[in-house]
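Printed here is input.txt (compact mmCIF, C-alpha atoms):
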```txt
# COMPACT_ATOMS: atom_id res chain seq x y z
CA MET A 214 0.00 0.00 0.00
CA SER A 215 1.49 3.35 -1.04
CA SER A 216 0.62 6.70 0.45
CA LYS A 217 0.11 9.80 -1.61
CA ALA A 218 3.34 11.76 -1.98
CA LEU A 219 3.43 15.21 -0.38
CA ASP A 220 3.57 18.20 -2.66
CA PHE A 221 5.29 21.37 -1.44
CA ALA A 222 2.08 22.94 -0.14
CA GLY A 223 1.30 19.73 1.72
CA LEU A 224 4.80 19.72 3.24
CA VAL A 225 4.34 23.28 4.53
CA THR A 226 0.93 22.41 5.97
CA ALA A 227 2.17 19.25 7.67
CA ILE A 228 5.09 21.08 9.34
CA ARG A 229 2.88 24.00 10.39
CA GLU A 230 0.32 21.68 11.95
CA ALA A 231 2.99 19.66 13.79
CA ASP A 232 4.63 22.86 15.05
CA ALA A 233 1.33 24.31 16.31
CA ALA A 234 0.17 21.09 17.97
CA LEU A 235 3.44 20.37 19.77
CA ALA A 236 3.98 24.00 20.81
CA GLU A 237 0.50 23.89 22.35
CA GLN A 238 1.31 20.60 24.06
CA ALA A 239 4.56 21.99 25.47
CA SER A 240 2.95 25.14 26.85
CA ARG A 241 0.15 23.12 28.44
CA ALA A 242 2.65 20.76 30.05
CA VAL A 243 4.57 23.66 31.60
CA ASN A 244 1.32 25.23 32.76
CA VAL A 245 0.09 22.03 34.43
CA SER A 246 3.42 21.57 36.21
CA LEU A 247 3.41 25.16 37.47
CA THR A 248 -0.20 24.96 38.67
CA LEU A 249 0.41 21.68 40.48
CA ARG A 250 3.63 23.05 41.99
CA ASN A 251 1.75 26.03 43.44
CA TRP A 252 -1.07 23.79 44.68
CA PHE A 253 1.44 21.52 46.43
CA ILE A 254 3.08 24.49 48.13
CA GLY A 255 -0.31 25.52 49.48
CA TYR A 256 -0.97 21.93 50.52
CA TYR A 257 2.32 21.65 52.41
CA ILE A 258 1.74 24.95 54.21
CA ALA A 259 -1.78 23.92 55.22
CA GLU A 260 -0.53 20.56 56.51
CA PHE A 261 2.23 22.27 58.51
CA GLU A 262 -0.25 24.71 60.03
CA LEU A 263 -2.42 21.79 61.14
CA GLN A 264 0.18 19.36 62.44
CA GLY A 265 3.70 20.68 61.96
CA ALA A 266 6.03 19.45 64.69
CA ASP A 267 7.25 22.98 65.47
CA ARG A 268 4.36 25.05 64.12
CA ALA A 269 3.87 26.86 67.44
CA THR A 270 7.34 28.36 67.09
CA TYR A 271 6.31 30.32 64.00
CA GLY A 272 2.66 31.27 64.48
CA ASP A 273 1.78 34.39 62.48
CA LYS A 274 5.37 34.69 61.30
CA LEU A 275 5.21 31.42 59.36
CA LEU A 276 4.85 32.86 55.86
CA PRO A 277 7.49 35.62 56.21
CA GLU A 278 9.96 33.13 57.70
CA LEU A 279 9.13 30.50 55.09
CA SER A 280 9.49 33.03 52.29
CA LYS A 281 12.95 34.03 53.52
CA ALA A 282 14.06 30.40 53.84
CA LEU A 283 12.77 29.51 50.36
CA ARG A 284 14.41 32.52 48.76
CA ASP A 285 17.67 31.55 50.41
CA GLN A 286 17.22 28.19 48.68
CA SER A 287 16.54 29.95 45.33
CA VAL A 288 12.94 28.72 45.13
CA SER A 289 11.16 30.88 42.55
CA ASN A 290 7.95 32.81 43.15
CA SER A 291 8.19 32.40 46.91
CA GLY A 292 7.39 35.86 48.24
CA ARG A 293 5.17 36.13 51.30
CA ARG A 294 2.16 37.28 49.27
CA GLN A 295 2.73 34.53 46.73
CA LEU A 296 2.84 31.90 49.48
CA TYR A 297 -0.40 33.28 50.89
CA GLY A 298 -1.86 32.99 47.38
CA TYR A 299 -0.80 29.35 47.07
CA LEU A 300 -2.43 28.59 50.42
CA ALA A 301 -5.63 30.32 49.30
CA PHE A 302 -5.46 28.39 46.00
CA TYR A 303 -5.19 25.06 47.81
CA ARG A 304 -8.10 25.92 50.11
CA ALA A 305 -10.30 27.09 47.23
CA TYR A 306 -9.49 24.06 45.04
CA PRO A 307 -9.02 21.02 47.30
CA GLN A 308 -10.49 18.84 44.52
CA ILE A 309 -7.24 19.20 42.56
CA VAL A 310 -5.93 16.52 44.93
CA ARG A 311 -7.47 13.92 42.61
CA THR A 312 -5.35 15.07 39.70
CA ALA A 313 -2.33 15.71 41.92
CA SER A 314 -2.56 12.14 43.23
CA ALA A 315 -2.55 10.74 39.70
CA LEU A 316 0.18 12.96 38.23
CA SER A 317 2.52 13.63 41.12
CA ALA A 318 2.96 10.45 43.13
CA GLN A 319 6.67 11.17 43.60
CA VAL A 320 6.14 14.68 44.98
CA VAL A 321 4.27 13.69 48.13
CA SER A 322 3.68 10.36 49.84
CA ARG A 323 0.74 8.56 48.31
CA PRO A 324 -0.93 7.66 51.65
CA LEU A 325 -1.25 11.38 52.46
CA LEU A 326 -2.84 12.17 49.10
CA GLU A 327 -5.10 9.13 49.19
CA GLU A 328 -6.41 10.24 52.58
CA LYS A 329 -7.16 13.67 51.13
CA VAL A 330 -8.99 12.08 48.20
CA ARG A 331 -11.13 9.98 50.58
CA THR A 332 -11.93 13.01 52.71
CA LEU A 333 -12.90 15.09 49.70
CA SER A 334 -15.02 12.31 48.20
CA ALA A 335 -17.05 12.14 51.39
CA GLN A 336 -18.02 15.79 51.05
CA SER A 337 -20.97 16.76 48.85
CA PRO A 338 -20.16 19.54 46.36
CA THR A 339 -22.41 22.60 46.42
CA ALA A 340 -22.81 22.47 42.63
CA PRO A 341 -21.53 20.43 39.67
CA ALA A 342 -17.92 21.35 39.06
CA PRO A 343 -15.59 21.08 36.05
CA ASP A 344 -13.28 18.11 36.22
CA PRO A 345 -10.06 19.05 38.09
CA GLU A 346 -7.88 17.76 35.26
CA THR A 347 -9.76 19.96 32.80
CA LEU A 348 -9.33 22.95 35.09
CA ILE A 349 -5.57 22.66 35.46
CA SER A 350 -4.93 21.72 31.84
CA ARG A 351 -6.94 24.58 30.36
CA LEU A 352 -6.60 27.37 32.92
CA SER A 353 -3.28 28.92 33.88
CA TYR A 354 -2.29 29.66 37.44
CA SER A 355 -2.87 33.34 36.64
CA HIS A 356 -6.51 32.42 35.87
CA PHE A 357 -6.74 30.73 39.25
CA GLU A 358 -5.37 33.84 40.96
CA GLN A 359 -8.35 35.78 39.66
CA LEU A 360 -10.84 33.06 40.58
CA VAL A 361 -9.52 32.57 44.12
CA GLU A 362 -10.25 36.23 44.88
CA LEU A 363 -13.97 35.51 44.43
CA GLN A 364 -15.35 34.64 47.85
CA ASP A 365 -18.67 33.24 46.60
CA PRO A 366 -18.16 29.59 45.46
CA LEU A 367 -21.13 29.83 43.09
CA GLN A 368 -19.69 32.94 41.45
CA ARG A 369 -16.29 31.29 41.18
CA ARG A 370 -17.88 28.21 39.57
CA PHE A 371 -19.73 30.41 37.07
CA TYR A 372 -16.51 32.06 35.88
CA GLU A 373 -14.70 28.71 35.75
CA VAL A 374 -17.34 27.33 33.41
CA GLU A 375 -17.47 30.47 31.27
CA ALA A 376 -13.67 30.75 31.04
CA LEU A 377 -13.45 27.14 29.90
CA ARG A 378 -16.35 27.53 27.50
CA GLY A 379 -14.84 30.60 25.84
CA ASN A 380 -11.17 29.64 26.28
CA TRP A 381 -10.75 33.07 27.86
CA SER A 382 -7.38 34.71 28.31
CA VAL A 383 -6.48 35.95 31.81
CA ARG A 384 -7.12 39.50 30.64
CA GLU A 385 -10.57 38.51 29.40
CA LEU A 386 -11.43 36.77 32.67
CA LYS A 387 -10.41 39.90 34.62
CA ARG A 388 -12.50 42.05 32.30
CA GLN A 389 -15.60 39.88 32.68
CA ILE A 390 -15.27 39.80 36.48
CA ALA A 391 -14.84 43.59 36.53
CA SER A 392 -17.91 44.03 34.31
CA GLN A 393 -19.95 41.91 36.77
CA TYR A 394 -20.94 39.38 34.13
CA PHE A 395 -22.10 36.98 36.85
CA GLN A 396 -24.48 39.54 38.35
CA ARG A 397 -25.69 40.69 34.94
CA SER A 398 -26.38 37.11 33.92
CA GLY A 399 -28.40 36.55 37.09
CA LEU A 400 -30.56 39.59 36.36
CA SER A 401 -30.91 38.99 32.62
CA THR A 402 -34.21 37.75 31.19
CA ASP A 403 -32.38 36.28 28.19
CA LYS A 404 -29.26 34.60 29.54
CA ALA A 405 -28.51 32.80 26.27
CA ALA A 406 -28.46 36.05 24.30
CA LEU A 407 -26.23 37.72 26.90
CA ALA A 408 -23.82 34.76 26.87
CA LYS A 409 -23.68 34.78 23.07
CA LEU A 410 -22.93 38.50 23.02
CA THR A 411 -20.31 38.16 25.77
CA HIS A 412 -18.44 35.32 24.11
CA ALA A 413 -18.61 36.84 20.63
CA ASP A 414 -16.05 39.53 21.46
CA ALA A 415 -14.06 37.65 24.12
CA GLU A 416 -10.28 37.40 23.81
CA PRO A 417 -9.20 33.72 23.67
CA ALA A 418 -6.15 32.37 25.44
CA THR A 419 -3.19 31.31 23.30
CA SER A 420 -0.19 29.10 23.97
CA ARG A 421 2.03 32.18 23.54
CA GLN A 422 0.17 33.96 26.37
CA ILE A 423 0.59 30.96 28.64
CA ILE A 424 4.32 30.59 28.06
CA CYS A 425 4.89 34.36 28.47
CA ASP A 426 3.16 34.44 31.84
CA PRO A 427 5.58 35.98 34.41
CA TYR A 428 4.99 33.00 36.71
CA VAL A 429 6.17 30.67 33.94
CA PHE A 430 9.31 32.72 33.27
CA GLU A 431 10.38 32.55 36.90
CA PHE A 432 9.32 28.91 37.26
CA LEU A 433 11.63 28.01 34.36
CA GLY A 434 14.47 30.10 35.78
CA LEU A 435 14.24 32.75 33.06
CA LYS A 436 13.98 36.53 33.15
CA PRO A 437 11.99 38.36 30.44
CA GLN A 438 15.00 40.55 29.64
CA GLU A 439 17.14 37.43 29.09
CA VAL A 440 14.65 36.11 26.54
CA MET A 441 14.51 39.54 24.92
CA GLY A 442 18.29 39.61 24.70
CA GLU A 443 18.44 36.25 22.96
CA SER A 444 15.80 37.40 20.49
CA HIS A 445 17.77 40.56 19.68
CA LEU A 446 20.96 38.55 19.21
CA GLU A 447 19.22 36.35 16.67
```
Can you present the structure in this file as structure tokens?
Amino acid sequence: MSSKALDFAGLVTAIREADAALAEQASRAVNVSLTLRNWFIGYYIAEFELQGADRATYGDKLLPELSKALRDQSVSNSGRRQLYGYLAFYRAYPQIVRTASALSAQVVSRPLLEEKVRTLSAQSPTAPAPDPETLISRLSYSHFEQLVELQDPLQRRFYEVEALRGNWSVRELKRQIASQYFQRSGLSTDKAALAKLTHADAEPATSRQIICDPYVFEFLGLKPQEVMGESHLE
């Protein structure tokens, strides 16, 4: 059986499609790793606060002291406010433990994660939620930063679903939250028409946006000016 030979146009198309698909795959892989890394940091902090052997020694000074120790160890994105954000992220998204257990068995002991999965499974969710694996594979940590700031779980769930549905960029998610899309949708007599209008002009996320996220730069040990310098040299 012989396959049809590529012509030049077909060659260009095949390479372009392979480049786009694998660039997307690479950016998603980095994003998932970064999101899980930040979730694990929040998880470790929460566990220490609950049952750390010397937790009483630190008290309210835990995050400043931890930030200093991590920076001394050259751990990226470990400022006090960032650590607080990771802790808030873990508390807002405990269900990520299911994905963390499957993807990161070597990061934390499996018995600890399995206990968290059992505990979470015993709790009834307030509303149907997107699958955790879908959340972390399609939303960047910068998306989660915006979502964690929403105190109402129902409102947070609404923006999760809409961001996934429209493949919103972080900038678009911030814009929709600022425009009170959730509240406007609740008051609207034609929710479908409002949703159609909202998504028609929404800015979609791209793999380039994900990989250029400042969190990703620091996670990979890069500085934006270093990347700029290499580009200018070329």
From A:Glu431, A:Glu346, A:Asp220, A:Asp414, residue lying nearest Gly379 in chain A [only C-alpha atoms]:
A:Asp414
Interatomic distance (Å, one decimal) between CA of Lys409 in chain A and CA of Glu237 in chain A
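For CA of Lys409 in chain A relative to CA of Glu237 in chain A, the distance reads 26.5 Å.
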Gap from CA of Val310 in chain A to CA of Arg388 in chain A - Å, one decimal
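Those two atoms sit 29.2 Å apart.
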Which value, in Å to one decimal, gives the distance between CA of Ala266 in chain A and CA of Arg311 in chain A?
26.5 Å
Enclose the full set of atoms of range 303-312 of chain A listed in the file within a box whose edges lie along x, y and z, apply 5 Å of padding to each of the six sides, and report centre and edge lengths in Å to one decimal as AutoDock Vina command-line options.
```
--center_x -7.8 --center_y 20.5 --center_z 44.9 --size_x 15.3 --size_y 23.2 --size_z 20.4
```
Could you name the residues that touch Ile390 in chain A at 10 Å or less, counting only C-alpha atoms, but leaving out those on the same chain fewer than 4 positions away, as a list of chain:residue names?
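Contacts, in chain order: A:Gln359, A:Leu360, A:Leu363, A:Gln368, A:Arg369, A:Tyr372, A:Glu385, A:Leu386, A:Tyr394, A:Phe395, A:Gln396.
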Generate a file of the selected residues that holds C-alpha atoms, formatted as a compact mmCIF listing (two decimals), in the frame of the given file.
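File written: part-v9.txt
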```txt
# COMPACT_ATOMS: atom_id res chain seq x y z
CA GLN A 359 -8.35 35.78 39.66
CA LEU A 360 -10.84 33.06 40.58
CA LEU A 363 -13.97 35.51 44.43
CA GLN A 368 -19.69 32.94 41.45
CA ARG A 369 -16.29 31.29 41.18
CA TYR A 372 -16.51 32.06 35.88
CA GLU A 385 -10.57 38.51 29.40
CA LEU A 386 -11.43 36.77 32.67
CA TYR A 394 -20.94 39.38 34.13
CA PHE A 395 -22.10 36.98 36.85
CA GLN A 396 -24.48 39.54 38.35
```
Counting all atoms listed in the file, the option among A:Val374, A:Ala242, A:Leu283, A:Leu249 closest to Ala408 in chain A:
A:Val374
Let me make sure I understand: among A:Val245, A:Cys425, A:Ala234, A:Val383, which one has the smallest atom-to-atom distance to Thr347 in chain A if we use only C-alpha atoms?
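The answer is A:Val245, which sits nearest to Thr347 in chain A.
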Take the point (-16.2, 20.1, 34.1) in the file's coordinates, draw a sphere of radius 10 Å around it, and report as a list in words every protein, DNA or RNA residue with an atom inside or on it, counting all atoms listed in the file.
Pro341, Ala342, Pro343, Asp344, Pro345, Glu346, Thr347, Leu348, Arg370, Glu373, Val374, Leu377 and Arg378 of chain A
From the options A:Arg268, A:Leu410, A:Arg293, A:Asn251, which residue's atoms come nearest to Lys281 in chain A, counting all atoms listed in the file?
A:Arg293
Residue nearest Val361 in chain A - candidates A:Phe302, A:Phe221, A:Tyr297, A:Tyr256, atoms counted: all atoms listed in the file:
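The answer is A:Phe302, which sits nearest to Val361 in chain A.
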Please provide the set of residues having any atom within 12 Å of Tyr428 in chain A, restricted to only C-alpha atoms, with same-chain residues fewer than 3 positions apart removed, written as an MDAnalysis selection string.
chainID A and resid 243:244 246:248 250:251 289:291 295 353:356 358 422:425 431:437
Within 10 Å of Ala259 in chain A, counting only C-alpha atoms, which residues qualify if same-chain residues fewer than 6 places away don't, as a ChimeraX atom specification?
/A:253,265,299-301,303-304
As a PDB file, in the coordinates of the input, could you write out range 288-299 of chain A once it has been completed with all heavy atoms?
```pdb
ATOM      1  N   VAL A 288      14.240  29.207  45.605  1.00  0.00           N
ATOM      2  CA  VAL A 288      12.940  28.720  45.130  1.00  0.00           C
ATOM      3  C   VAL A 288      12.197  29.900  44.512  1.00  0.00           C
ATOM      4  O   VAL A 288      11.997  30.930  45.175  1.00  0.00           O
ATOM      5  CB  VAL A 288      12.115  28.108  46.282  1.00  0.00           C
ATOM      6  CG1 VAL A 288      10.735  27.689  45.789  1.00  0.00           C
ATOM      7  CG2 VAL A 288      12.858  26.907  46.862  1.00  0.00           C
ATOM      8  N   SER A 289      11.791  29.769  43.261  1.00  0.00           N
ATOM      9  CA  SER A 289      11.160  30.880  42.550  1.00  0.00           C
ATOM     10  C   SER A 289       9.759  31.170  43.059  1.00  0.00           C
ATOM     11  O   SER A 289       9.094  30.308  43.642  1.00  0.00           O
ATOM     12  CB  SER A 289      11.100  30.565  41.047  1.00  0.00           C
ATOM     13  OG  SER A 289      10.247  29.462  40.808  1.00  0.00           O
ATOM     14  N   ASN A 290       9.315  32.403  42.809  1.00  0.00           N
ATOM     15  CA  ASN A 290       7.950  32.810  43.150  1.00  0.00           C
ATOM     16  C   ASN A 290       7.577  32.436  44.584  1.00  0.00           C
ATOM     17  O   ASN A 290       6.540  31.825  44.831  1.00  0.00           O
ATOM     18  CB  ASN A 290       6.948  32.162  42.179  1.00  0.00           C
ATOM     19  CG  ASN A 290       7.091  32.655  40.755  1.00  0.00           C
ATOM     20  OD1 ASN A 290       7.200  33.859  40.514  1.00  0.00           O
ATOM     21  ND2 ASN A 290       7.109  31.728  39.809  1.00  0.00           N
ATOM     22  N   SER A 291       8.433  32.808  45.530  1.00  0.00           N
ATOM     23  CA  SER A 291       8.190  32.400  46.910  1.00  0.00           C
ATOM     24  C   SER A 291       8.117  33.585  47.869  1.00  0.00           C
ATOM     25  O   SER A 291       8.502  33.487  49.030  1.00  0.00           O
ATOM     26  CB  SER A 291       9.280  31.428  47.377  1.00  0.00           C
ATOM     27  OG  SER A 291      10.572  32.009  47.249  1.00  0.00           O
ATOM     28  N   GLY A 292       7.628  34.713  47.374  1.00  0.00           N
ATOM     29  CA  GLY A 292       7.390  35.860  48.240  1.00  0.00           C
ATOM     30  C   GLY A 292       6.267  35.576  49.222  1.00  0.00           C
ATOM     31  O   GLY A 292       5.466  34.658  49.020  1.00  0.00           O
ATOM     32  N   ARG A 293       6.194  36.366  50.280  1.00  0.00           N
ATOM     33  CA  ARG A 293       5.170  36.130  51.300  1.00  0.00           C
ATOM     34  C   ARG A 293       3.762  36.160  50.701  1.00  0.00           C
ATOM     35  O   ARG A 293       2.941  35.297  50.986  1.00  0.00           O
ATOM     36  CB  ARG A 293       5.282  37.174  52.409  1.00  0.00           C
ATOM     37  CG  ARG A 293       4.258  37.001  53.544  1.00  0.00           C
ATOM     38  CD  ARG A 293       4.350  38.127  54.539  1.00  0.00           C
ATOM     39  NE  ARG A 293       4.083  39.420  53.927  1.00  0.00           N
ATOM     40  CZ  ARG A 293       2.847  39.896  53.679  1.00  0.00           C
ATOM     41  NH1 ARG A 293       1.778  39.171  53.998  1.00  0.00           N
ATOM     42  NH2 ARG A 293       2.695  41.071  53.115  1.00  0.00           N
ATOM     43  N   ARG A 294       3.491  37.163  49.872  1.00  0.00           N
ATOM     44  CA  ARG A 294       2.160  37.280  49.270  1.00  0.00           C
ATOM     45  C   ARG A 294       1.882  36.119  48.320  1.00  0.00           C
ATOM     46  O   ARG A 294       0.748  35.653  48.214  1.00  0.00           O
ATOM     47  CB  ARG A 294       2.023  38.619  48.543  1.00  0.00           C
ATOM     48  CG  ARG A 294       2.040  39.825  49.484  1.00  0.00           C
ATOM     49  CD  ARG A 294       1.784  41.121  48.740  1.00  0.00           C
ATOM     50  NE  ARG A 294       0.451  41.137  48.154  1.00  0.00           N
ATOM     51  CZ  ARG A 294      -0.029  42.156  47.429  1.00  0.00           C
ATOM     52  NH1 ARG A 294       0.730  43.217  47.200  1.00  0.00           N
ATOM     53  NH2 ARG A 294      -1.240  42.101  46.930  1.00  0.00           N
ATOM     54  N   GLN A 295       2.915  35.677  47.629  1.00  0.00           N
ATOM     55  CA  GLN A 295       2.730  34.530  46.730  1.00  0.00           C
ATOM     56  C   GLN A 295       2.418  33.267  47.527  1.00  0.00           C
ATOM     57  O   GLN A 295       1.547  32.486  47.145  1.00  0.00           O
ATOM     58  CB  GLN A 295       3.977  34.350  45.870  1.00  0.00           C
ATOM     59  CG  GLN A 295       4.141  35.456  44.834  1.00  0.00           C
ATOM     60  CD  GLN A 295       5.512  35.457  44.198  1.00  0.00           C
ATOM     61  OE1 GLN A 295       6.525  35.298  44.886  1.00  0.00           O
ATOM     62  NE2 GLN A 295       5.566  35.648  42.893  1.00  0.00           N
ATOM     63  N   LEU A 296       3.114  33.069  48.642  1.00  0.00           N
ATOM     64  CA  LEU A 296       2.840  31.900  49.480  1.00  0.00           C
ATOM     65  C   LEU A 296       1.413  31.947  50.023  1.00  0.00           C
ATOM     66  O   LEU A 296       0.721  30.929  50.067  1.00  0.00           O
ATOM     67  CB  LEU A 296       3.837  31.828  50.639  1.00  0.00           C
ATOM     68  CG  LEU A 296       5.303  31.606  50.262  1.00  0.00           C
ATOM     69  CD1 LEU A 296       6.164  31.583  51.522  1.00  0.00           C
ATOM     70  CD2 LEU A 296       5.490  30.314  49.468  1.00  0.00           C
ATOM     71  N   TYR A 297       0.991  33.121  50.426  1.00  0.00           N
ATOM     72  CA  TYR A 297      -0.400  33.280  50.890  1.00  0.00           C
ATOM     73  C   TYR A 297      -1.365  32.914  49.761  1.00  0.00           C
ATOM     74  O   TYR A 297      -2.390  32.269  49.989  1.00  0.00           O
ATOM     75  CB  TYR A 297      -0.634  34.714  51.353  1.00  0.00           C
ATOM     76  CG  TYR A 297      -2.042  34.960  51.842  1.00  0.00           C
ATOM     77  CD1 TYR A 297      -2.417  34.642  53.146  1.00  0.00           C
ATOM     78  CD2 TYR A 297      -3.010  35.503  50.986  1.00  0.00           C
ATOM     79  CE1 TYR A 297      -3.720  34.845  53.586  1.00  0.00           C
ATOM     80  CE2 TYR A 297      -4.305  35.709  51.415  1.00  0.00           C
ATOM     81  CZ  TYR A 297      -4.657  35.389  52.722  1.00  0.00           C
ATOM     82  OH  TYR A 297      -5.949  35.580  53.145  1.00  0.00           O
ATOM     83  N   GLY A 298      -1.016  33.324  48.532  1.00  0.00           N
ATOM     84  CA  GLY A 298      -1.860  32.990  47.380  1.00  0.00           C
ATOM     85  C   GLY A 298      -1.929  31.502  47.123  1.00  0.00           C
ATOM     86  O   GLY A 298      -2.992  30.966  46.792  1.00  0.00           O
ATOM     87  N   TYR A 299      -0.802  30.799  47.279  1.00  0.00           N
ATOM     88  CA  TYR A 299      -0.800  29.350  47.070  1.00  0.00           C
ATOM     89  C   TYR A 299      -1.674  28.657  48.126  1.00  0.00           C
ATOM     90  O   TYR A 299      -2.386  27.693  47.814  1.00  0.00           O
ATOM     91  CB  TYR A 299       0.624  28.793  47.152  1.00  0.00           C
ATOM     92  CG  TYR A 299       1.605  29.421  46.192  1.00  0.00           C
ATOM     93  CD1 TYR A 299       2.959  29.500  46.512  1.00  0.00           C
ATOM     94  CD2 TYR A 299       1.192  29.953  44.970  1.00  0.00           C
ATOM     95  CE1 TYR A 299       3.867  30.077  45.636  1.00  0.00           C
ATOM     96  CE2 TYR A 299       2.099  30.537  44.102  1.00  0.00           C
ATOM     97  CZ  TYR A 299       3.434  30.598  44.446  1.00  0.00           C
ATOM     98  OH  TYR A 299       4.331  31.182  43.578  1.00  0.00           O
TER      99      TYR A 299
END
```
